[in-house]
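This is protein_31.pdb. It holds PDB, C-alpha atoms and all ligand atoms.
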```pdb
ATOM      1  CA  MET A 582       0.000   0.000   0.000
ATOM      2  CA  LYS A 583       2.710   2.364   1.080
ATOM      3  CA  THR A 584       4.708   1.665  -2.071
ATOM      4  CA  SER A 585       1.824   2.256  -4.461
ATOM      5  CA  HIS A 586       0.934   5.468  -2.614
ATOM      6  CA  SER A 587       4.444   6.760  -2.903
ATOM      7  CA  ILE A 588       4.581   5.803  -6.608
ATOM      8  CA  ILE A 589       1.358   7.745  -7.196
ATOM      9  CA  ALA A 590       2.709  10.668  -5.198
ATOM     10  CA  CYS A 591       5.941  10.542  -7.128
ATOM     11  CA  VAL A 592       4.246  10.457 -10.532
ATOM     12  CA  ALA A 593       1.914  13.252  -9.465
ATOM     13  CA  GLY A 594       4.901  15.263  -8.270
ATOM     14  CA  LEU A 595       6.702  14.669 -11.554
ATOM     15  CA  VAL A 596       3.708  15.776 -13.607
ATOM     16  CA  LEU A 597       3.316  18.885 -11.455
ATOM     17  CA  ALA A 598       7.000  19.632 -11.586
ATOM     18  CA  LEU A 599       7.242  19.236 -15.354
ATOM     19  CA  GLY A 600       4.017  21.181 -15.765
ATOM     20  CA  GLY A 601       5.591  23.926 -13.720
ATOM     21  CA  GLY A 602       8.511  24.120 -16.140
ATOM     22  CA  LEU A 603      11.073  22.178 -14.075
ATOM     23  CA  THR A 604      13.612  20.097 -15.979
ATOM     24  CA  VAL A 605      14.614  16.618 -14.762
ATOM     25  CA  ALA A 606      17.936  18.061 -13.608
ATOM     26  CA  ASN A 607      16.115  20.666 -11.534
ATOM     27  CA  LEU A 608      13.870  17.965 -10.163
ATOM     28  CA  ARG A 609      16.949  16.047  -9.000
ATOM     29  CA  THR A 610      18.235  19.177  -7.286
ATOM     30  CA  ALA A 611      14.873  19.648  -5.628
ATOM     31  CA  GLU A 612      14.937  16.045  -4.425
ATOM     32  CA  ALA A 613      18.469  16.455  -3.099
ATOM     33  CA  THR A 614      17.493  19.613  -1.254
ATOM     34  CA  SER A 615      14.513  17.942   0.373
ATOM     35  CA  SER A 616      16.609  14.949   1.444
ATOM     36  CA  GLU A 617      19.239  17.330   2.837
ATOM     37  CA  ALA A 618      16.496  19.005   4.828
ATOM     38  CA  ARG A 619      15.410  15.603   6.078
ATOM     39  CA  PHE A 620      18.919  14.863   7.374
ATOM     40  CA  ALA A 621      19.782  18.388   8.436
ATOM     41  CA  ARG A 622      17.701  18.268  11.593
ATOM     42  CA  PRO A 623      19.124  15.056  13.082
ATOM     43  CA  MET A 624      22.595  16.283  12.053
ATOM     44  CA  LYS A 625      21.991  19.572  13.833
ATOM     45  CA  GLU A 626      20.756  17.714  16.914
ATOM     46  CA  ALA A 627      23.818  15.444  16.859
ATOM     47  CA  VAL A 628      26.146  18.453  16.666
ATOM     48  CA  ALA A 629      24.284  20.174  19.512
ATOM     49  CA  LYS A 630      24.566  16.987  21.571
ATOM     50  CA  GLN A 631      28.270  16.763  20.817
ATOM     51  CA  GLN A 632      28.778  20.368  21.884
ATOM     52  CA  ALA A 633      26.737  19.941  25.061
ATOM     53  CA  ALA A 634      28.659  16.791  25.957
ATOM     54  CA  ALA A 635      32.007  18.414  25.215
ATOM     55  CA  GLY A 636      31.036  21.134  27.675
ATOM     56  CA  THR A 637      30.422  18.623  30.469
ATOM     57  CA  ASP A 638      32.500  19.881  33.366
ATOM     58  CA  LEU A 639      33.469  16.969  35.582
ATOM     59  CA  THR A 640      35.012  19.310  38.153
ATOM     60  CA  ARG A 641      31.758  21.131  38.790
ATOM     61  CA  TYR A 642      29.336  18.281  38.514
ATOM     62  CA  GLY A 643      27.204  17.861  41.607
ATOM     63  CA  VAL A 644      26.441  14.240  42.355
ATOM     64  CA  MET A 645      22.759  14.994  42.617
ATOM     65  CA  GLY A 646      23.071  17.165  39.514
ATOM     66  CA  ASP A 647      22.756  16.755  35.812
ATOM     67  CA  GLU A 648      22.221  13.102  34.912
ATOM     68  CA  LYS A 649      21.531  14.148  31.337
ATOM     69  CA  ALA A 650      24.958  15.706  30.880
ATOM     70  CA  LEU A 651      26.549  12.478  32.017
ATOM     71  CA  SER A 652      24.454  10.312  29.725
ATOM     72  CA  LEU A 653      25.681  12.454  26.817
ATOM     73  CA  LEU A 654      29.171  11.081  27.406
ATOM     74  CA  SER A 655      28.085   7.509  26.634
ATOM     75  CA  ASN A 656      29.072   6.440  23.117
ATOM     76  CA  ASN A 657      30.553   9.872  22.565
ATOM     77  CA  LEU A 658      34.275   9.269  22.749
ATOM     78  CA  LYS A 659      35.493  12.682  21.623
ATOM     79  CA  ALA A 660      33.319  14.626  24.044
ATOM     80  CA  CYS A 661      34.175  12.205  26.825
ATOM     81  CA  GLN A 662      37.913  12.561  26.218
ATOM     82  CA  THR A 663      37.548  16.349  26.186
ATOM     83  CA  ALA A 664      35.706  16.267  29.507
ATOM     84  CA  LEU A 665      38.318  14.014  31.107
ATOM     85  CA  LYS A 666      41.228  16.136  29.900
ATOM     86  CA  ALA A 667      39.548  19.344  31.050
ATOM     87  CA  ALA A 668      39.176  17.817  34.516
ATOM     88  CA  GLY A 669      42.920  17.109  34.635
ATOM     89  CA  VAL A 670      42.703  13.345  34.128
ATOM     90  CA  SER A 671      45.555  11.970  32.032
ATOM     91  CA  PHE A 672      44.979   8.733  30.180
ATOM     92  CA  THR A 673      46.124   6.696  27.211
ATOM     93  CA  MET A 674      43.902   4.886  24.756
ATOM     94  CA  VAL A 675      44.562   1.151  24.683
ATOM     95  CA  PRO A 676      44.458  -1.096  21.593
ATOM     96  CA  ALA A 677      41.134  -2.731  20.797
ATOM     97  CA  LYS A 678      40.689  -6.246  22.093
ATOM     98  CA  GLN A 679      38.472  -9.144  21.018
ATOM     99  CA  GLU A 680      38.208 -12.293  23.074
ATOM    100  CA  GLY A 681      35.360 -14.474  21.829
ATOM    101  CA  ALA A 682      32.149 -12.589  22.519
ATOM    102  CA  CYS A 683      34.014 -10.189  24.816
ATOM    103  CA  GLY A 684      36.131  -7.174  24.058
ATOM    104  CA  TYR A 685      36.244  -3.449  23.527
ATOM    105  CA  SER A 686      37.217  -1.065  20.767
ATOM    106  CA  GLU A 687      37.546   2.257  22.560
ATOM    107  CA  ALA A 688      38.997   1.745  26.010
ATOM    108  CA  LEU A 689      41.517   3.795  27.924
ATOM    109  CA  GLU A 690      43.744   3.492  30.950
ATOM    110  CA  VAL A 691      43.822   6.307  33.476
ATOM    111  CA  LYS A 692      47.411   7.334  34.155
ATOM    112  CA  ALA A 693      46.807  10.102  36.671
ATOM    113  CA  SER A 694      43.790  11.478  38.430
ATOM    114  CA  LEU A 695      43.254  12.929  41.925
ATOM    115  CA  ALA A 696      43.766   9.469  43.400
ATOM    116  CA  ASP A 697      45.578   6.616  41.659
ATOM    117  CA  LEU A 698      43.530   3.662  40.476
ATOM    118  CA  THR A 699      45.782   0.666  41.065
ATOM    119  CA  PRO A 700      45.364  -3.087  40.742
ATOM    120  CA  ASN A 701      44.857  -4.971  43.988
ATOM    121  CA  PRO A 702      47.727  -7.390  44.675
ATOM    122  CA  GLY A 703      47.193 -10.430  42.444
ATOM    123  CA  ALA A 704      44.743  -8.636  40.147
ATOM    124  CA  PRO A 705      45.450  -8.065  36.416
ATOM    125  CA  THR A 706      47.919  -5.202  36.112
ATOM    126  CA  GLU A 707      45.989  -3.486  33.340
ATOM    127  CA  LEU A 708      42.768  -1.660  34.087
ATOM    128  CA  PRO A 709      41.229  -0.769  30.700
ATOM    129  CA  MET A 710      37.843   0.903  30.820
ATOM    130  CA  THR A 711      35.459   2.715  28.519
ATOM    131  CA  CYS A 712      35.756   6.493  28.628
ATOM    132  CA  ASP A 713      32.238   6.720  29.979
ATOM    133  CA  LEU A 714      33.222   4.569  32.957
ATOM    134  CA  ALA A 715      36.396   6.607  33.514
ATOM    135  CA  ALA A 716      34.382   9.850  33.556
ATOM    136  CA  ARG A 717      31.942   8.506  36.118
ATOM    137  CA  MET A 718      34.777   7.073  38.185
ATOM    138  CA  HIS A 719      36.402  10.494  38.194
ATOM    139  CA  ILE A 720      33.250  12.227  39.358
ATOM    140  CA  TRP A 721      32.772   9.602  42.070
ATOM    141  CA  GLU A 722      36.362   9.985  43.214
ATOM    142  CA  ARG A 723      36.345  13.782  43.146
ATOM    143  CA  HIS A 724      32.877  14.569  44.477
ATOM    144  CA  VAL A 725      32.107  11.562  46.661
ATOM    145  CA  VAL A 726      35.099   9.436  47.731
ATOM    146  CA  ILE A 727      37.613  12.152  48.597
ATOM    147  CA  PRO A 728      35.157  14.438  50.451
ATOM    148  CA  ALA A 729      33.686  11.452  52.345
ATOM    149  CA  ALA A 730      37.175  10.310  53.419
ATOM    150  CA  GLU A 731      37.932  13.808  54.665
ATOM    151  CA  LYS A 732      34.593  13.962  56.470
ATOM    152  CA  TYR A 733      34.713  10.573  58.208
ATOM    153  CA  LEU A 734      38.420   9.786  58.361
ATOM    154  CA  GLY A 735      40.161  13.171  58.337
ATOM    155  CA  SER A 736      42.358  12.340  55.362
ATOM    156  CA  PRO A 737      41.869  12.357  51.585
ATOM    157  CA  VAL A 738      42.140   9.196  49.502
ATOM    158  CA  LYS A 739      45.345   8.836  47.476
ATOM    159  CA  GLU A 740      44.777   5.395  45.998
ATOM    160  CA  ILE A 741      41.770   3.307  44.968
ATOM    161  CA  LYS A 742      42.544  -0.383  44.568
ATOM    162  CA  ALA A 743      40.613  -2.466  42.063
ATOM    163  CA  PHE A 744      40.254  -6.188  41.529
ATOM    164  CA  GLY A 745      39.910  -5.435  37.848
ATOM    165  CA  THR A 746      37.885  -3.901  35.075
ATOM    166  CA  PHE A 747      38.017  -6.114  31.976
ATOM    167  CA  GLN A 748      37.382  -9.825  32.308
ATOM    168  CA  CYS A 749      35.618 -12.116  29.835
ATOM    169  CA  ARG A 750      33.103 -13.889  32.046
ATOM    170  CA  THR A 751      29.459 -14.373  32.834
ATOM    171  CA  ILE A 752      27.687 -12.913  35.860
ATOM    172  CA  ALA A 753      28.058 -15.259  38.856
ATOM    173  CA  GLY A 754      25.200 -17.774  38.744
ATOM    174  CA  ILE A 755      23.663 -16.386  35.537
ATOM    175  CA  ASP A 756      24.325 -17.367  31.934
ATOM    176  CA  LYS A 757      24.808 -13.790  30.769
ATOM    177  CA  LEU A 758      28.038 -11.916  30.032
ATOM    178  CA  SER A 759      29.059  -9.469  32.735
ATOM    179  CA  GLU A 760      29.698  -5.801  31.881
ATOM    180  CA  HIS A 761      33.321  -6.639  32.717
ATOM    181  CA  SER A 762      33.345  -8.429  29.366
ATOM    182  CA  TYR A 763      33.208  -5.024  27.665
ATOM    183  CA  ALA A 764      35.431  -3.029  30.078
ATOM    184  CA  LYS A 765      32.311  -1.262  31.304
ATOM    185  CA  ALA A 766      32.697  -2.246  34.968
ATOM    186  CA  ALA A 767      35.162  -1.812  37.826
ATOM    187  CA  ASP A 768      35.452  -3.844  41.024
ATOM    188  CA  ILE A 769      36.710  -1.668  43.873
ATOM    189  CA  ALA A 770      38.439  -3.453  46.764
ATOM    190  CA  SER A 771      39.814  -0.747  49.029
ATOM    191  CA  PHE A 772      40.834   2.863  49.544
ATOM    192  CA  VAL A 773      44.274   3.975  50.717
ATOM    193  CA  LEU A 774      44.295   7.293  52.557
ATOM    194  CA  ALA A 775      46.999   9.947  52.285
ATOM    195  CA  ASP A 776      48.006   9.135  55.871
ATOM    196  CA  GLY A 777      48.630   5.495  54.905
ATOM    197  CA  ARG A 778      45.530   3.789  56.364
ATOM    198  CA  GLU A 779      43.748   1.344  54.077
ATOM    199  CA  ILE A 780      39.968   0.970  54.276
ATOM    200  CA  SER A 781      38.848  -2.373  52.882
ATOM    201  CA  VAL A 782      35.368  -3.313  51.685
ATOM    202  CA  LEU A 783      35.810  -6.868  52.977
ATOM    203  CA  ARG A 784      37.078  -5.948  56.433
ATOM    204  CA  ASP A 785      35.400  -2.619  57.147
ATOM    205  CA  TYR A 786      32.064  -2.417  55.326
ATOM    206  CA  TYR A 787      30.001  -3.473  58.326
ATOM    207  CA  SER A 788      32.176  -1.819  60.978
ATOM    208  CA  LYS A 789      30.201   0.536  63.205
ATOM    209  CA  GLY A 790      32.890   3.240  63.238
ATOM    210  CA  PRO A 791      33.867   5.890  60.675
ATOM    211  CA  ASP A 792      35.538   3.332  58.379
ATOM    212  CA  GLY A 793      32.173   1.641  57.827
ATOM    213  CA  ASP A 794      30.348   4.990  57.593
ATOM    214  CA  PHE A 795      32.753   6.048  54.856
ATOM    215  CA  LEU A 796      32.337   2.830  52.849
ATOM    216  CA  ARG A 797      28.550   2.768  53.172
ATOM    217  CA  GLU A 798      28.296   6.387  52.054
ATOM    218  CA  VAL A 799      30.519   6.019  48.986
ATOM    219  CA  ARG A 800      28.607   2.887  47.949
ATOM    220  CA  GLN A 801      25.222   4.537  48.427
ATOM    221  CA  ARG A 802      26.193   7.666  46.498
ATOM    222  CA  ALA A 803      27.771   5.629  43.686
ATOM    223  CA  CYS A 804      24.173   4.725  42.826
ATOM    224  CA  ASP A 805      23.655   8.323  41.657
ATOM    225  CA  LEU A 806      26.442   7.948  39.123
ATOM    226  CA  PHE A 807      26.691   4.370  37.884
ATOM    227  CA  ASP A 808      24.004   2.334  36.168
ATOM    228  CA  VAL A 809      24.647  -0.605  38.465
ATOM    229  CA  THR A 810      26.207  -0.435  41.934
ATOM    230  CA  LEU A 811      26.557  -3.629  43.954
ATOM    231  CA  GLY A 812      28.273  -4.246  47.283
ATOM    232  CA  PRO A 813      28.342  -6.554  50.310
ATOM    233  CA  ASP A 814      24.621  -5.940  50.990
ATOM    234  CA  TYR A 815      23.812  -7.566  47.644
ATOM    235  CA  ASN A 816      25.351 -11.024  47.996
ATOM    236  CA  GLU A 817      28.330 -13.098  49.079
ATOM    237  CA  ALA A 818      30.002 -12.658  45.670
ATOM    238  CA  HIS A 819      30.303  -8.930  46.442
ATOM    239  CA  ALA A 820      31.478  -9.247  50.060
ATOM    240  CA  ASN A 821      34.920  -7.886  49.194
ATOM    241  CA  HIS A 822      34.219  -5.219  46.572
ATOM    242  CA  PHE A 823      31.931  -2.640  45.040
ATOM    243  CA  HIS A 824      30.901  -3.469  41.478
ATOM    244  CA  LEU A 825      30.316  -0.260  39.491
ATOM    245  CA  ASP A 826      29.177  -0.397  35.880
ATOM    246  CA  VAL A 827      27.874   1.688  33.004
ATOM    247  CA  GLY A 828      26.180  -1.129  31.081
ATOM    248  CA  GLY A 829      22.774   0.521  30.955
ATOM    249  CA  ASN A 830      20.912  -1.716  33.385
ATOM    250  CA  SER A 831      19.784  -0.307  36.708
ATOM    251  CA  ALA A 832      20.518  -1.576  40.214
ATOM    252  CA  CYS A 833      21.609  -0.144  43.551
ATOM    253  CA  ARG A 834      22.151  -2.889  46.111
TER     254      ARG A 834
HETATM  255 ZN    ZN B   1      32.192  -6.517  39.025
END
```
For the structure just supplied, provide its representation as C-alpha cells.
Ligand SMILES: [Zn+2]
Amino acid sequence: MKTSHSIIACVAGLVLALGGGLTVANLRTAEATSSEARFARPMKEAVAKQQAAAGTDLTRYGVMGDEKALSLLSNNLKACQTALKAAGVSFTMVPAKQEGACGYSEALEVKASLADLTPNPGAPTELPMTCDLAARMHIWERHVVIPAAEKYLGSPVKEIKAFGTFQCRTIAGIDKLSEHSYAKAADIASFVLADGREISVLRDYYSKGPDGDFLREVRQRACDLFDVTLGPDYNEAHANHFHLDVGGNSACR
C-alpha cells in the first residue's frame, strides 16, 4: 500500500513539476534539497549533543546534579575525552581487544587522576575501561570518595585499589556476560588514605565506626552515578568489593 501510494505521489509530483517548467535536472536538485532538509535536523541535533557533551565539566558536577549531561558522554568518545582532559585526568587509549564474545574497541587506561587507580595485589595489572566509565569514576572519586574520606576519616584518599575492570566472564550464577566483558565495569576493593591507612570493603564495610560509615556512604552515592552499583549488601560474591558499571541496566544494592 505504502509503495503504491508513494509511486502515485511521485508520478503526481513529476507531472506537477514538469508542468511547472522544471527540468529533470532541476527535479533532481529539488529532491536532493529535500533529502538534505530531512537529514539536516538530526545532524543539527547530533552536533548540539556533541557540543553539550564536550562542555560537560566533571570538576563542577554535583552528584545529585545533571544526569543528562553524564548520559551524553556515553558512546561519545570525543566529548568524553575532552571532559576528562579538562578535569585534569591523564589517560592513554589502549588497543582494541576481542576475546570471543568479549572485548572493547575504545577503552583507555587512566594514568593520573586525583587518586591513583591501582590493581589490587594479584589482580590483572591493566585496568582498561570505557571512557564513559572513567568519567563517572572520576566524578565519584572527586565529588564523593575524597570528600567522604575527609569527612569521616580526616584524610583524603590517594589510591583506589581495584580487583579489575576487563574480564571475559558471565555474571556469577547467571548465563549472561558481565559488563566486565566489555570493560564497562570496575570492582573496587579498598581505599588507601593519604596518611597510609587502608579501608577495605571486605574488612570494614560493616564496621560501626567511621571506616564503615565512609564505605557505606561512597557505595550509596555511587548509585547516583553508575548504572549498576553492587556491594556486600547484595550477595556473598560482592562481600569484598563494590561493582560499578555503566552497562545501561539499573541496580543499587
Ligand atoms: Zn564486578
Going by the chain IDs and residue numbers used in this file, which residues fall under the PyMOL selection byres (((not hetatm)) within 6 of (chain B and resi 1))? Write them as a PDB file with C-alpha atoms, in the frame of the given file.
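Done, and the output landed in out13.pdb:
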```pdb
ATOM      1  CA  ALA A 766      32.697  -2.246  34.968  1.00  0.00           C
ATOM      2  CA  ALA A 767      35.162  -1.812  37.826  1.00  0.00           C
ATOM      3  CA  ASP A 768      35.452  -3.844  41.024  1.00  0.00           C
ATOM      4  CA  HIS A 824      30.901  -3.469  41.478  1.00  0.00           C
TER       5      HIS A 824
END
```
Residues in the PyMOL selection byres (((chain A and resi 810) around 7) and not hetatm), expressed as a PDB file with C-alpha atoms, in the frame of the given file:
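Full text of part02.pdb as output:
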```
ATOM      1  CA  ALA A 803      27.771   5.629  43.686  1.00  0.00           C
ATOM      2  CA  CYS A 804      24.173   4.725  42.826  1.00  0.00           C
ATOM      3  CA  PHE A 807      26.691   4.370  37.884  1.00  0.00           C
ATOM      4  CA  ASP A 808      24.004   2.334  36.168  1.00  0.00           C
ATOM      5  CA  VAL A 809      24.647  -0.605  38.465  1.00  0.00           C
ATOM      6  CA  LEU A 811      26.557  -3.629  43.954  1.00  0.00           C
ATOM      7  CA  GLY A 812      28.273  -4.246  47.283  1.00  0.00           C
ATOM      8  CA  PHE A 823      31.931  -2.640  45.040  1.00  0.00           C
ATOM      9  CA  HIS A 824      30.901  -3.469  41.478  1.00  0.00           C
ATOM     10  CA  LEU A 825      30.316  -0.260  39.491  1.00  0.00           C
ATOM     11  CA  ASP A 826      29.177  -0.397  35.880  1.00  0.00           C
ATOM     12  CA  ALA A 832      20.518  -1.576  40.214  1.00  0.00           C
ATOM     13  CA  CYS A 833      21.609  -0.144  43.551  1.00  0.00           C
ATOM     14  CA  ARG A 834      22.151  -2.889  46.111  1.00  0.00           C
TER      15      ARG A 834
END
```
When distances are computed from all atoms listed in the file, which of A:Ser771, A:Ser686, A:Asn657, A:Ser694 shows the smallest separation from Arg723 (chain A)? A:Ser694
For region 751-814 of chain A versus region 662-681 of chain A, which residues have an atom no more than 12 Å away, and what is each residue's nearest atom pair and distance in Å rounded to one decimal, using all atoms listed in the file, chain-then-number order, as a tab-separated table?
```
residue	atom	partner	partner_atom	distance
A:Leu758	CA	A:Gly681	CA	11.3
A:Ser762	CA	A:Glu680	CA	8.8
A:Tyr763	CA	A:Lys678	CA	9.4
A:Ala764	CA	A:Lys678	CA	10.1
```
Residue contacts of Leu654 (chain A) (6 Å, all atoms listed in the file) excluding same-chain residues fewer than 3 positions away, as a ChimeraX atom specification: /A:634,651,657,661,713
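Picture a line from CA of Leu708 (chain A) to CA of Phe747 (chain A); it runs 6.8 Å.
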For the structure provided, state which residues fall under the PyMOL selection byres (((chain A and resi 728-738) around 10) and not hetatm), and present them as a PyMOL selection string. chain A and resi 695-697+721-727+739-741+772-780+790-796+798-799
Between CA of Lys765 (chain A) and CA of Leu689 (chain A), what is the distance, to one decimal in Å?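 Computing it gives 11.0 Å between the two atoms.
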Can you tell me how far CA of Ser655 (chain A) sits from CA of Thr711 (chain A), in Å to one decimal?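 Separation of CA of Ser655 (chain A) and CA of Thr711 (chain A): 9.0 Å.
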For Asn821 (chain A), which of A:Gln801, A:Thr706, A:Asn701, A:Thr751 is the closest residue, counting all atoms listed in the file? A:Asn701
Around all listed atoms of region 699-706 of chain A, padded 3 Å per side, what centre and edge lengths does the axis-aligned box have in Å to one decimal, as JSON?
```
{"center_x": 46.3, "center_y": -4.9, "center_z": 40.4, "size_x": 9.2, "size_y": 17.1, "size_z": 14.6}
```
